[in-house]
Amino acid sequence: MSVLVVVECDKGEVKKSSLEVATYGAQVAAQLGTSATAIAVGEATEANLAKLGEQGISKVLYDNEPRLKDFVNNAYTKLIATAAQQEDAKVIVLANSNIGAAVGSRLSVRLQAALATNVVELPKTDGGQFVVKRGAFSGKAFSDVVLSGDRKIIAVKKNSIEAQHEAGKTAEVAAFSAQLGDADFADAPKQVVMQDQAGGILLPEASLVVSGGRGMKGPENWNLIEDLAKALGAATACSKPVSDVDWRPHHEHVGQTGITVSPNLYIACGISGAIQHLAGVNSSKVIVVINKDPEAPFFKAADYGIVGDVFEVLPKLTAAVKELS
Amino acid sequence: MKFLVCISNVPDTTTKIAFTPDNKEFNKAGVQFVINPWDEYALTRAIELKEANAGSTVTVLNVGEADTEPNIRKALAIGADDAIRVNAAPTDAFFVSQQIAAIAKEGSYDVILMGKESIDYNGFQVHGMVGELLGIPTVAPAMKLDMSGNAATLEREIEGGKEIVQVNTPFVASCQQPMCEPRIPNMRGIMTARTKPLKVVPAIGDAPRTQVAEFALPPKKQGVKLIDAANAGELIKLLRNEAKVI
Ligand SMILES: Cc1cc2nc3c(=O)[nH]c(=O)nc-3n(C[C@H](O)[C@H](O)[C@H](O)COP(=O)(O)OP(=O)(O)OC[C@H]3O[C@@H](n4cnc5c(N)ncnc54)[C@H](O)[C@@H]3O)c2cc1C
Ligand SMILES: Cc1cc2nc3c(=O)[nH]c(=O)nc-3n(C[C@H](O)[C@H](O)[C@H](O)COP(=O)(O)OP(=O)(O)OC[C@H]3O[C@@H](n4cnc5c(N)ncnc54)[C@H](O)[C@@H]3O)c2cc1C
C-alpha cells in the first residue's frame, strides 16, 4: 500500500499547489507508515521532478507521451488510475484545481473511493477513522467529513498547506506508461488559449493578491492596482460588479460566485465587503482594507485598514514597497 | 435534443451560516433557499439552446425532499418543460450522482447540464461522477457552450486560460459565467409553471461514502488595526515586520 500524489506541471515546472499537495501526501504517508509516490502530469523536466524529494516524495512516475502535455480528462484519469493500481494506493492526493476536480471525481467512481474536495488540513486517522476538514458554505464554514471504505481521494485546497523544502533530498524518477491509445485522447482539447497574466502570477496560485472594487471608479485606474501588485509580486483580482461590466476579465472575479482564494495577504481597494465577496476571500491569512467609508463592512473582516481615498493611498503603498527592496 | 438540467437547492447567498447546537447539521431556521446560482447558467443556456433547436425539451432534476419544490417550480417558470424530483435527502455527492446518472440513462438525455459547484457543500465533483457513471465525457467548468446537431463546442476554464473542447452527445457539462445571462421568471412563466409536470421518484443506488461529522465556523478576527491614511507607508512596514507576509 502507498499514498499516490498527483503532481501538475506546467512549462517544465511543478506548480506551487502541487508542491503543497506533495507535502500533504508525504505527511499522510508518514501517518500511515508508508511512502508517497507521485505521478506527474503536464510538461515536466526530470530534474524538477527529482526535486520533489524535498517535499518527501520517494518516487515519481512520469509518462512522457507528448499528448499528455495538455489536460485530457480521459487520458489523465486512466493514467492516474493505472498508477494507483500499480502502487496499490489507498490514498490519492491531488490539488483542488480544475484538473484535480475533473480527474478526482472520475477516479472516485472508477476506483470506488470516497472523495473529499476543498480539504484544508491533514487527516485525523486515530481510532480507525479517517476524518478530513474541508471548507464548506463557500468559505463561510468548515466541515469534518468521515471518509469510509478502503480507498480515499483528497483534493487539497490551494495555499492551505505550506510546502516543505528539505534541501538536497531527491526522488527517484521512473518512466511509466499507462499504454494510452488514440481512444483515450478523444476528448483532447482542439485548442488551448492562455491569458496574458500580469507579472506571470496566476490568481488561484498566488500568495499575495491586490484586488479592486467599484471604488476604483473605472478600468483606466487599474494601473494603481497593477503597480502595487507588481511591486509586491502579487496577482490582481476584483469584485463581481467590476468583472460584470468588463472593467476586468471574469477570471479575476473572487467571491461566492467567482473563485475562492486563500492567499497569505489580500489587499481590498474600494471594495465594500458584501457577504458574497467576503465568502471568497475570508480564509486569507491577512486582510488589508482600503476604503474611504469607515463604516464599510469589510473593515469588520480585516486585520489592517486604512480609511482613505484609494487614489491617494495606493501610490504611497507602492512607493513604500519599492523602498523596502 | 433532450436536455437534463440538475439543480441544487441552496441557502441564499446573503445567509449568515449557523448550525444546530450539536454542530452536526446546517440550521435551516429562517433561511431562504434559492436555485444554486451556478445552476442558473445551466438552466438558461439549456432553454436558449432549446429555443434554437425545434423539438428540443428541457427537464429539470433535483435530488431533495419536498421542501425543494418551490425552486423546482421556479425553474419551470423560467422555461423548463417538466421536472423530476428524486425524493431523498442528498446525503453525499456520490449518492446524488447515482440518482442523476440513473435518470439520465433511463430518459436517454443527450445533454446533461449542471452548475460548476454547489455554494453550500462546494463539492465540484458531481459533474465527473455522473460522467464516469455513464461512461461519457464531462467538460467542467464550461464558460461557453454551442451546439450544432449532436456536436458541441465548449470553452473549458483551466488555471490561467481556457481549452476549446469538442464533444458529441451524450455529454455532461458544468456551467459558469460568462455562459449566458441567467433569466428570471416572468408572469406568464409563473402561471404556466403551475401546470407543468413534476414527477416524484424514489432514490436508488449504494450508500454514501462520506459523512459530515461536524461543522465549524471560521475563527473570529482579532479586530482591525487602523493606519492613518497620511502615513500609509507604515502599513507596508507592519506587513513585513508584524504580520510577516511580505
Ligand atoms: C447571488 C449573488 C452572488 C454574488 N456573488 C458575488 C461574488 O462572488 N463576488 C463579489 O464580489 N460580489 C458578489 N455579489 C455582489 C455583492 O453583493 C456586491 O454587490 C459586490 O461585492 C459589491 O462590489 P464592490 O464592493 O466592488 O462595490 P460597492 O459595494 O459599490 O463598493 C464600493 C466601495 O468602494 C468605496 N469607495 C468608493 N470610492 C472610493 C475611493 N475613492 N477610495 C476608497 N474607497 C472608495 C465605497 O465606500 C464602497 O465601500 C453577488 C451578489 C449576488 C446577489
Ligand atoms: C441533510 C443533508 C445532509 C448532508 N450530509 C452530507 C454528508 O454527510 N456528506 C457530504 O459530503 N455531503 C452531505 N450533504 C451535501 C449534499 O450531499 C450535496 O448536495 C452533495 O454532496 C452534492 O453537492 P456537492 O457540493 O458535492 O456538489 P457539486 O459537485 O458542487 O455540485 C455540482 C452541481 O451538481 C448539481 N447538484 C448538486 N446537488 C444536487 C442535487 N441534490 N440535486 C440535483 N442536482 C444537484 C448542481 O447542478 C450543482 O451545481 C448533505 C446535504 C443535506 C441536505
# chains A, B, ... in the order shown; residues from 1 in each chain; ligands from 1
$ select_by_dssp --residues "range 141-262 of chain A" --states "strand (DSSP E)" --output "list in words"
Ala141, Phe142, Ser143, Asp144, Val145, Val146, Leu147, Lys152, Ile153, Ile154, Ala155, Val156, Glu172, Val173, Ala174, Ala175, Gln191, Val192, Val193, Met194, Leu208, Val209, Val210, Ser211, Gly212, Ala235, Thr236, Ala237 and Cys238 of chain A
$ interface_residues --of "chain B" --to "chain A" --cutoff "6 Å" --atoms "only C-alpha atoms" --output "mmCIF file with N, CA, C and O atoms, in the first residue's frame"
data_model
loop_
_atom_site.group_PDB
_atom_site.id
_atom_site.type_symbol
_atom_site.label_atom_id
_atom_site.label_comp_id
_atom_site.auth_asym_id
_atom_site.auth_seq_id
_atom_site.Cartn_x
_atom_site.Cartn_y
_atom_site.Cartn_z
ATOM 1 N N ILE B 119 -23.040 26.038 -3.839
ATOM 2 C CA ILE B 119 -22.425 27.033 -2.952
ATOM 3 C C ILE B 119 -22.577 26.642 -1.484
ATOM 4 O O ILE B 119 -22.118 27.346 -0.610
ATOM 5 N N ASP B 120 -23.237 25.515 -1.193
ATOM 6 C CA ASP B 120 -23.281 25.088 0.211
ATOM 7 C C ASP B 120 -22.192 24.051 0.526
ATOM 8 O O ASP B 120 -21.367 24.261 1.397
ATOM 9 N N TYR B 121 -22.145 22.951 -0.225
ATOM 10 C CA TYR B 121 -21.128 21.941 0.096
ATOM 11 C C TYR B 121 -19.868 22.074 -0.750
ATOM 12 O O TYR B 121 -18.851 21.447 -0.461
ATOM 13 N N ASN B 122 -19.917 22.896 -1.790
ATOM 14 C CA ASN B 122 -18.741 23.188 -2.615
ATOM 15 C C ASN B 122 -17.982 21.935 -3.040
ATOM 16 O O ASN B 122 -16.752 21.891 -2.963
ATOM 17 N N GLY B 123 -18.713 20.927 -3.484
ATOM 18 C CA GLY B 123 -18.043 19.683 -3.844
ATOM 19 C C GLY B 123 -17.273 19.766 -5.147
ATOM 20 O O GLY B 123 -16.180 19.247 -5.262
ATOM 21 N N GLN B 125 -17.800 18.170 -7.869
ATOM 22 C CA GLN B 125 -17.464 16.772 -8.124
ATOM 23 C C GLN B 125 -18.584 15.986 -8.796
ATOM 24 O O GLN B 125 -18.322 14.955 -9.409
ATOM 25 N N GLY B 128 -18.091 15.067 -12.676
ATOM 26 C CA GLY B 128 -17.211 13.960 -13.069
ATOM 27 C C GLY B 128 -17.786 12.613 -12.672
ATOM 28 O O GLY B 128 -17.642 11.616 -13.388
ATOM 29 N N MET B 129 -18.439 12.585 -11.516
ATOM 30 C CA MET B 129 -19.029 11.314 -11.069
ATOM 31 C C MET B 129 -20.126 10.867 -12.029
ATOM 32 O O MET B 129 -20.197 9.691 -12.395
ATOM 33 N N GLU B 132 -18.585 9.702 -15.331
ATOM 34 C CA GLU B 132 -17.933 8.399 -15.184
ATOM 35 C C GLU B 132 -18.966 7.282 -15.026
ATOM 36 O O GLU B 132 -18.818 6.204 -15.609
ATOM 37 N N GLY B 160 -5.387 29.835 -15.546
ATOM 38 C CA GLY B 160 -4.564 30.670 -16.415
ATOM 39 C C GLY B 160 -4.989 30.700 -17.866
ATOM 40 O O GLY B 160 -4.284 31.256 -18.703
ATOM 41 N N GLY B 161 -6.134 30.091 -18.208
ATOM 42 C CA GLY B 161 -6.543 30.138 -19.601
ATOM 43 C C GLY B 161 -7.770 29.296 -19.862
ATOM 44 O O GLY B 161 -8.569 29.049 -18.968
ATOM 45 N N LYS B 162 -7.927 28.899 -21.111
ATOM 46 C CA LYS B 162 -9.078 28.071 -21.440
ATOM 47 C C LYS B 162 -8.723 27.075 -22.531
ATOM 48 O O LYS B 162 -7.775 27.285 -23.294
ATOM 49 N N GLU B 163 -9.482 25.999 -22.574
ATOM 50 C CA GLU B 163 -9.349 24.999 -23.633
ATOM 51 C C GLU B 163 -10.607 25.026 -24.477
ATOM 52 O O GLU B 163 -11.705 25.147 -23.937
ATOM 53 N N ILE B 164 -10.454 24.888 -25.776
ATOM 54 C CA ILE B 164 -11.612 24.720 -26.642
ATOM 55 C C ILE B 164 -11.781 23.210 -26.826
ATOM 56 O O ILE B 164 -10.848 22.530 -27.273
ATOM 57 N N VAL B 165 -12.941 22.702 -26.457
ATOM 58 C CA VAL B 165 -13.157 21.255 -26.477
ATOM 59 C C VAL B 165 -14.372 20.938 -27.345
ATOM 60 O O VAL B 165 -15.371 21.662 -27.300
ATOM 61 N N ARG B 209 -20.508 7.429 0.653
ATOM 62 C CA ARG B 209 -19.165 7.056 1.117
ATOM 63 C C ARG B 209 -18.586 8.091 2.064
ATOM 64 O O ARG B 209 -17.493 7.910 2.597
ATOM 65 N N THR B 210 -19.273 9.227 2.200
ATOM 66 C CA THR B 210 -18.758 10.267 3.085
ATOM 67 C C THR B 210 -19.865 10.703 4.020
ATOM 68 O O THR B 210 -21.036 10.624 3.682
ATOM 69 N N GLN B 211 -19.452 11.169 5.204
ATOM 70 C CA GLN B 211 -20.448 11.644 6.146
ATOM 71 C C GLN B 211 -19.909 12.807 6.953
ATOM 72 O O GLN B 211 -18.774 12.749 7.444
ATOM 73 N N VAL B 212 -20.702 13.872 7.052
ATOM 74 C CA VAL B 212 -20.256 15.019 7.841
ATOM 75 C C VAL B 212 -20.347 14.663 9.318
ATOM 76 O O VAL B 212 -21.401 14.263 9.804
ATOM 77 N N ALA B 213 -19.222 14.797 10.037
ATOM 78 C CA ALA B 213 -19.223 14.523 11.473
ATOM 79 C C ALA B 213 -19.564 15.793 12.234
ATOM 80 O O ALA B 213 -20.271 15.765 13.231
ATOM 81 N N GLU B 214 -19.055 16.919 11.739
ATOM 82 C CA GLU B 214 -19.235 18.157 12.480
ATOM 83 C C GLU B 214 -18.958 19.370 11.600
ATOM 84 O O GLU B 214 -18.087 19.330 10.740
ATOM 85 N N PHE B 215 -19.709 20.439 11.844
ATOM 86 C CA PHE B 215 -19.440 21.711 11.173
ATOM 87 C C PHE B 215 -18.778 22.675 12.149
ATOM 88 O O PHE B 215 -18.928 22.547 13.364
ATOM 89 N N ALA B 216 -18.077 23.652 11.621
ATOM 90 C CA ALA B 216 -17.481 24.688 12.474
ATOM 91 C C ALA B 216 -17.444 25.992 11.713
ATOM 92 O O ALA B 216 -17.332 26.003 10.479
ATOM 93 N N LEU B 217 -17.527 27.101 12.426
ATOM 94 C CA LEU B 217 -17.383 28.412 11.807
ATOM 95 C C LEU B 217 -15.918 28.821 11.865
ATOM 96 O O LEU B 217 -15.179 28.374 12.737
ATOM 97 N N PRO B 218 -15.492 29.680 10.932
ATOM 98 C CA PRO B 218 -14.088 30.103 10.963
ATOM 99 C C PRO B 218 -13.791 30.893 12.241
ATOM 100 O O PRO B 218 -14.692 31.518 12.797
ATOM 101 N N VAL B 224 -9.710 45.069 13.607
ATOM 102 C CA VAL B 224 -8.855 45.720 12.618
ATOM 103 C C VAL B 224 -7.920 46.732 13.281
ATOM 104 O O VAL B 224 -8.289 47.411 14.235
ATOM 105 N N LYS B 225 -6.691 46.789 12.776
ATOM 106 C CA LYS B 225 -5.733 47.797 13.228
ATOM 107 C C LYS B 225 -5.716 48.887 12.159
ATOM 108 O O LYS B 225 -5.405 48.608 11.003
ATOM 109 N N LEU B 226 -6.088 50.088 12.545
ATOM 110 C CA LEU B 226 -6.180 51.166 11.551
ATOM 111 C C LEU B 226 -4.878 51.954 11.458
ATOM 112 O O LEU B 226 -4.253 52.254 12.464
ATOM 113 N N ILE B 227 -4.521 52.263 10.225
ATOM 114 C CA ILE B 227 -3.317 53.062 9.970
ATOM 115 C C ILE B 227 -3.784 54.367 9.336
ATOM 116 O O ILE B 227 -4.666 54.362 8.468
ATOM 117 N N ALA B 229 -4.214 57.388 6.972
ATOM 118 C CA ALA B 229 -4.019 57.478 5.522
ATOM 119 C C ALA B 229 -2.820 58.347 5.157
ATOM 120 O O ALA B 229 -2.110 58.076 4.185
ATOM 121 N N GLY B 233 2.428 54.449 4.238
ATOM 122 C CA GLY B 233 3.606 53.598 4.087
ATOM 123 C C GLY B 233 3.877 52.736 5.322
ATOM 124 O O GLY B 233 4.469 51.667 5.228
#
$ residues_near_ligand --ligand "ligand 2" --cutoff "6 Å" --atoms "only C-alpha atoms and all ligand atoms" --output "PyMOL selection string"
chain B and resi 6-8+38-39+61-64+89-93+96+114-118+121-126+210-212
$ closest_residue --among "A:Gly215, A:Gly181, A:Gly53, A:Pro297" --to "ligand 1" --atoms "only C-alpha atoms and all ligand atoms"
A:Gly215
$ closest_residue --among "B:Ala66, B:Ile112, B:Ala75, B:Leu43" --to "Asn87 in chain B" --atoms "only C-alpha atoms"
B:Ala66
$ residues_around --residues "range 195-208 of chain B" --least-positions-apart "4" --cutoff "7 Å" --atoms "only C-alpha atoms" --output "number ranges by chain"
B: 81-88, 91-92, 94-95, 98-99
$ closest_atom_pairs --of "chain B" --to "ligand 1" --cutoff "9 Å" --atoms "only C-alpha atoms and all ligand atoms" --output "Markdown table"
| residue | atom | partner | partner_atom_place_in_ligand_line | distance |
| --- | --- | --- | --- | --- |
| B:Asp12 | CA | ligand 1 | 1 (C) | 7.4 |
| B:Thr13 | CA | ligand 1 | 1 (C) | 5.5 |
| B:Thr14 | CA | ligand 1 | 53 (C) | 7.6 |
| B:Asn36 | CA | ligand 1 | 1 (C) | 8.7 |
| B:Pro37 | CA | ligand 1 | 1 (C) | 6.0 |
